[in-house]
Amino acid sequence: MNFRTEIKPPENRLKLRHSDAVMLLGSCFSDNIGEKMREGMMHATVNPFGPIYNPLSIASSVKRIITGERIAGMTLFLQSGVWNSFAFHSRYSMSSKDDALDLMNSNIAQAHEALKSCRMVIITLGTAVVYRLLSTGEVVSNCHKVPQHEFSREMASVHEITQALNETVEALHGYNPELQIVFTISPIRHIADGLDTNSLSKAMLRVAVNNVINAHKDYTEYFPAYEIVMDDLRDYRFYATDMVHPSDVAVEYIWQTFQATYLDDRAAQAVARCERVMKRIMHRPMSKNKEVVDRFNADTRVVVGNLVKEYPYIENIREIKNLID
């Protein structure tokens, strides 16, 4: 007897090589999967604007990455002692305006260049609820604790979302015709507005994504991260203690399904090997014996050197460079 509705890896046209570059944009679920890719030493550019949850702001960020349009200093504002941009997550807010501006514009420039060589862009949508700044009418990516009375809160319509995402995939494909674009719906539950609003929001996102994929079948796909958590795992033990975010076990399960879906056999083997080496790199010996620690570090450098010989394209990964320079 079956007690689960297991979701099998969906059929797809694209298989990634381990050396292929990927960009992930959207919900903090993108951070989760992007971190898994980095642990496997894949070339992943992850949320250059920080986590963005609504599709209209994601569309705006993609447009800025493609054009390379810089953030203007006059658009930054001081709130809670740090300088913020409504286009960026608070992880890029800083006490120095110049430092914040430099970091944000550096991220835009790096993402602009990275996108040229990407083989896949993964866009994870979190919510259809948007916050619009009343003074400008701008849909913001992050409210940065600005008082709520300065915003209007609304649910973007399926038509608005579809239009924004259609323009996004067309712009991406125009910028890099080799790109495949994979949409996912984040399994993270936006419960602050109520579970009924969360359900409606996710449904609207899913319909809009389906509309976009039907219009651009040659280079768009859907990966069922949301359905894996909602219908396959389907248990609160697969959520973190906040009952909102997927647990580490759930993220790992989704990552395994993603690998089975999109990585070819050689890429999957490379990821597994690189993950083991990355764990070794990050390990800190508990021994206080200097000779033991030095021997472990020397052995690690040999292991890393052999890995780079087999996969030379990983040599620019920060953790690798620190050991081979």
# chains A, B, ... in the order shown; residues from 1 in each chain; ligands from 1
$ residues_around --residues "stretch 46-55 of chain A" --least-positions-apart "6" --cutoff "8 Å" --atoms "only C-alpha atoms" --output "ChimeraX atom specification"
/A:23-28,30-31,34,61,87-92,104,107-108,111,124-130,141-142,161,164-165
$ select_by_dssp --residues "stretch 26-190 of chain A" --states "strand (DSSP E or B)" --output "ChimeraX atom specification"
/A:26,43-46,77-79,82-84,94,118-125,129-133,139,151-155,180-185
$ write_last_selection --atoms "C-alpha atoms" --output "PDB file, in the first residue's frame"
ATOM      1  CA  GLY A  26      13.567  35.373  -6.505  1.00  0.00           C
ATOM      2  CA  HIS A  43      28.978  28.219 -11.021  1.00  0.00           C
ATOM      3  CA  ALA A  44      25.847  29.772  -9.519  1.00  0.00           C
ATOM      4  CA  THR A  45      25.031  33.471  -9.294  1.00  0.00           C
ATOM      5  CA  VAL A  46      22.460  33.683  -6.522  1.00  0.00           C
ATOM      6  CA  PHE A  77      17.171  56.537   1.699  1.00  0.00           C
ATOM      7  CA  LEU A  78      18.138  56.400   5.361  1.00  0.00           C
ATOM      8  CA  GLN A  79      16.012  54.141   7.550  1.00  0.00           C
ATOM      9  CA  VAL A  82      21.326  52.371   7.329  1.00  0.00           C
ATOM     10  CA  TRP A  83      21.052  53.348   3.659  1.00  0.00           C
ATOM     11  CA  ASN A  84      18.570  51.309   1.689  1.00  0.00           C
ATOM     12  CA  MET A  94      24.852  49.747   5.026  1.00  0.00           C
ATOM     13  CA  CYS A 118      24.561  31.402 -18.185  1.00  0.00           C
ATOM     14  CA  ARG A 119      22.890  28.304 -19.548  1.00  0.00           C
ATOM     15  CA  MET A 120      19.958  28.419 -17.145  1.00  0.00           C
ATOM     16  CA  VAL A 121      18.080  31.028 -15.131  1.00  0.00           C
ATOM     17  CA  ILE A 122      15.867  29.776 -12.305  1.00  0.00           C
ATOM     18  CA  ILE A 123      13.142  32.203 -11.219  1.00  0.00           C
ATOM     19  CA  THR A 124      11.360  31.381  -7.973  1.00  0.00           C
ATOM     20  CA  LEU A 125       8.143  33.286  -7.286  1.00  0.00           C
ATOM     21  CA  VAL A 129       1.060  40.310  -3.000  1.00  0.00           C
ATOM     22  CA  VAL A 130       2.873  43.552  -3.848  1.00  0.00           C
ATOM     23  CA  TYR A 131       3.585  46.731  -1.902  1.00  0.00           C
ATOM     24  CA  ARG A 132       3.427  49.968  -3.876  1.00  0.00           C
ATOM     25  CA  LEU A 133       5.107  53.131  -2.610  1.00  0.00           C
ATOM     26  CA  VAL A 139       6.321  48.356  -6.559  1.00  0.00           C
ATOM     27  CA  PHE A 151       2.481  51.877   0.912  1.00  0.00           C
ATOM     28  CA  SER A 152      -0.607  50.415  -0.661  1.00  0.00           C
ATOM     29  CA  ARG A 153      -0.894  46.643  -0.483  1.00  0.00           C
ATOM     30  CA  GLU A 154      -2.519  44.794  -3.364  1.00  0.00           C
ATOM     31  CA  MET A 155      -2.693  41.437  -5.069  1.00  0.00           C
ATOM     32  CA  GLN A 180      16.710  28.057 -20.650  1.00  0.00           C
ATOM     33  CA  ILE A 181      14.411  29.616 -18.055  1.00  0.00           C
ATOM     34  CA  VAL A 182      13.022  27.449 -15.279  1.00  0.00           C
ATOM     35  CA  PHE A 183      10.185  28.744 -13.119  1.00  0.00           C
ATOM     36  CA  THR A 184       9.409  27.466  -9.654  1.00  0.00           C
ATOM     37  CA  ILE A 185       6.880  28.485  -7.023  1.00  0.00           C
TER      38      ILE A 185
END
$ closest_residue --among "A:Glu319, A:Glu138, A:Asp98, A:Asp248" --to "A:Ile281" --atoms "only C-alpha atoms"
A:Glu319
$ closest_residue --among "A:Cys274, A:Ala215, A:Ala225, A:Asp99" --to "A:Gln256" --atoms "only C-alpha atoms"
A:Ala225
$ select_by_dssp --residues "stretch 46-283 of chain A" --states "alpha helix (DSSP H)" --output "ChimeraX atom specification"
/A:55-67,97-117,158-175,195-215,225-227,248-262,265-282
$ residues_around --residues "A:Phe238" --least-positions-apart "5" --cutoff "8 Å" --atoms "only C-alpha atoms" --output "ChimeraX atom specification"
/A:229,233,246-250
$ residues_around --residues "A:Met42" --least-positions-apart "4" --cutoff "7 Å" --atoms "only C-alpha atoms" --output "count of residues only"
4
$ residues_around --residues "A:Val158" --least-positions-apart "5" --cutoff "8 Å" --atoms "only C-alpha atoms" --output "list in words"
Met204, Leu205, Val207 and Ala208 of chain A
$ write_last_selection --atoms "C-alpha atoms" --output "PDB file, in the first residue's frame"
ATOM      1  CA  MET A 204      -2.354  33.011  -9.208  1.00  0.00           C
ATOM      2  CA  LEU A 205       1.388  32.596  -9.575  1.00  0.00           C
ATOM      3  CA  VAL A 207      -1.635  30.062 -13.455  1.00  0.00           C
ATOM      4  CA  ALA A 208       0.540  32.953 -14.654  1.00  0.00           C
TER       5      ALA A 208
END
$ atom_distance --atom1 "atom CA of A:Val209" --atom2 "atom CA of A:Arg13"
17.9 Å
